[in-house]
Amino acid sequence: MSGVSFVAGCGLGGLNTWGCGGSCRWLASPKNASEATMFIKKAADEGTGLYILGGGSNILVQDGFIDAGVISSRAMDALEVHAEKGGARIEASAGVPVKKLLALSLDKGLTGMEFLTGIPGTLGGALFGNAGAAGCSFAPIVEWVDTVSFDGVSRRWRSEDLVWKYRTCPWNGERLMITRASLRPGSGSREEITGNIRRFSALKKGQPIGAKTAGCVFKNPAGDSAGRLLDLCGCKKLRVGAAKVSESHANFIENSGGASAADIYALAEMCRKRVYEEHGIVLEYEIKFFGAF
Ligand code: EPU
């Protein structure tokens, strides 16, 4: 385990895009699956909680102290591309930023990953939350995904073993860490790929750029848009402390400077309550929580 970064009592505020939240018992940054497994077992032995951190772009971290270990996948950044007839096979570790995969689409003429345009975070996080845009996600191009469960068991899942549903964990929330995946994008012309990237980019036009957010806070309810419903309820005017609903897209909450996780959570719940009271719809969180809320 030489050279593995391990920090006891680590602040998590700098490791998530909302820039808030407290500290955890320890933070480990393994470079590969076997190092990760050692930390997973350490957490199991200690009997405390365990959270897996990717790019920190879709999480709300509790204020104060979280009595849990956190394993960051960021140092697991191995990436191999094997050209194949009709496309490529990409083997990537969980911490590879999805931006790198998008860049590969253009560099190597690969199609199937253009939906990553404007999506932050890592491959592991994107697979765990089944990230996507306009009905597109990794589902059609995943060959297999390797995981280690929180009781230390490694397993390779073929795409067909997984349940791919809109913004839903394909492991149904099972407690595991994604370590590596194999993807098979197809080949595409430069015009096709740039055209697709432009189309996905246009879909993001109304989203706040440059603000501290965690992307969309709520999933879209079937057949509707959470942003539209939140907007209709006047949520764009709401704030709690330095947490405010984005004026450009009501499904984003911005940390306008010094917001606590409690502020953000209180604001999200306020918005959720309004949608329930005015439309009878219970919005489901898209963001994931670290700690107790
Ligand atoms: N709308 C409003 N007011 C708002 C926001 C949206 O009236 O404040 C309306 C829009 O005008 C549009 C409709 O609601 O008619 C849908 O809005 P939008 O096109 O922005 O799409 P969305 O459903 O809100 C989804 C994803 C985004 C993804 C975009 C583009 C979810 C929860 N959100 O947003 O994903 O970027 O489509 O593909 O699925 C994310 O998951 O973090 C995320 C940002």
# chains A, B, ... in the order shown; residues from 1 in each chain; ligands from 1

$ residues_around --residues "Lys41 (chain A)" --least-positions-apart "5" --cutoff "9 Å" --atoms "only C-alpha atoms" --output "list in words"
Ala36, Glu46, Phe150, Asp151 and Gly152 of chain A

$ closest_atom_pairs --of "chain A" --to "ligand 1" --cutoff "7 Å" --atoms "only C-alpha atoms and all ligand atoms" --output "Markdown table"
| residue | atom | partner | partner_atom_place_in_ligand_line | distance |
| --- | --- | --- | --- | --- |
| A:Ala131 | CA | ligand 1 | 41 (O) | 6.5 |
| A:Gly132 | CA | ligand 1 | 41 (O) | 6.7 |
| A:Ala133 | CA | ligand 1 | 38 (O) | 3.8 |
| A:Ala134 | CA | ligand 1 | 38 (O) | 4.4 |
| A:Phe200 | CA | ligand 1 | 38 (O) | 6.6 |
| A:Leu203 | CA | ligand 1 | 30 (C) | 4.6 |
| A:Lys204 | CA | ligand 1 | 30 (C) | 5.4 |
| A:Gly206 | CA | ligand 1 | 20 (O) | 6.1 |
| A:Gln207 | CA | ligand 1 | 20 (O) | 6.8 |
| A:Ala214 | CA | ligand 1 | 42 (O) | 6.9 |
| A:Gly215 | CA | ligand 1 | 42 (O) | 3.8 |
| A:Cys216 | CA | ligand 1 | 42 (O) | 3.7 |
| A:Val217 | CA | ligand 1 | 42 (O) | 6.7 |
| A:Phe218 | CA | ligand 1 | 32 (C) | 5.6 |
| A:Lys219 | CA | ligand 1 | 32 (C) | 4.0 |
| A:Asn220 | CA | ligand 1 | 32 (C) | 4.6 |
| A:Ser225 | CA | ligand 1 | 23 (O) | 4.6 |
| A:Ala226 | CA | ligand 1 | 24 (O) | 6.1 |
| A:Gly227 | CA | ligand 1 | 5 (C) | 3.9 |
| A:Arg228 | CA | ligand 1 | 2 (C) | 3.6 |
| A:Leu230 | CA | ligand 1 | 8 (O) | 6.7 |
| A:Asp231 | CA | ligand 1 | 8 (O) | 4.8 |
| A:Ser248 | CA | ligand 1 | 8 (O) | 6.0 |
| A:His249 | CA | ligand 1 | 8 (O) | 3.5 |
| A:Ala250 | CA | ligand 1 | 8 (O) | 3.7 |
| A:Asn251 | CA | ligand 1 | 8 (O) | 6.3 |
| A:Glu286 | CA | ligand 1 | 32 (C) | 6.9 |

$ write_last_selection --atoms "C-alpha atoms" --output "compact mmCIF listing (two decimals), in the first residue's frame"
# COMPACT_ATOMS: atom_id res chain seq x y z
CA ALA A 131 -26.02 9.85 -15.34
CA GLY A 132 -27.29 10.97 -18.68
CA ALA A 133 -29.06 13.51 -20.82
CA ALA A 134 -32.06 13.35 -23.12
CA PHE A 200 -26.30 18.07 -26.09
CA LEU A 203 -29.87 21.29 -24.04
CA LYS A 204 -27.79 22.80 -21.20
CA GLY A 206 -30.63 27.32 -19.36
CA GLN A 207 -28.37 25.82 -16.69
CA ALA A 214 -24.46 19.87 -7.74
CA GLY A 215 -26.38 19.74 -11.01
CA CYS A 216 -30.07 18.94 -10.83
CA VAL A 217 -31.16 18.36 -7.23
CA PHE A 218 -34.27 16.29 -8.04
CA LYS A 219 -35.04 13.62 -10.60
CA ASN A 220 -37.71 14.42 -13.14
CA SER A 225 -39.72 18.22 -15.48
CA ALA A 226 -38.80 18.93 -11.88
CA GLY A 227 -37.33 22.28 -12.97
CA ARG A 228 -40.61 23.30 -14.62
CA LEU A 230 -40.32 24.08 -9.15
CA ASP A 231 -40.39 27.18 -11.33
CA SER A 248 -31.84 30.38 -14.54
CA HIS A 249 -33.01 26.82 -13.71
CA ALA A 250 -35.17 26.01 -10.69
CA ASN A 251 -33.78 22.47 -10.26
CA GLU A 286 -31.16 12.91 -7.61

$ closest_atom_pairs --of "region 55-97 of chain A" --to "region 262-269 of chain A" --cutoff "9 Å" --atoms "only C-alpha atoms" --output "CSV"
residue,atom,partner,partner_atom,distance
A:Leu60,CA,A:Tyr265,CA,8.1
A:Gln62,CA,A:Ala262,CA,7.3
A:Asp63,CA,A:Ala262,CA,7.0

$ select_by_dssp --residues "region 36-268 of chain A" --states "alpha helix (DSSP H)" --output "VMD selection string"
chain A and resid 36 to 46 98 to 108 123 to 128 190 to 203 226 to 232 261 to 268

$ closest_residue --among "A:Gly56, A:Gly125, A:Pro185, A:Gly49" --to "Gly109 (chain A)" --atoms "only C-alpha atoms"
A:Pro185

$ select_by_dssp --residues "region 164-203 of chain A" --states "strand (DSSP E or B)" --output "list in words"
Lys165, Thr168, Leu176, Met177, Ile178, Thr179, Arg180, Ala181, Ser182, Leu183, Gly186 and Ser187 of chain A

$ closest_residue --among "A:Met113, A:Ala259, A:Ala28, A:Ala33" --to "Lys212 (chain A)" --atoms "only C-alpha atoms"
A:Ala259
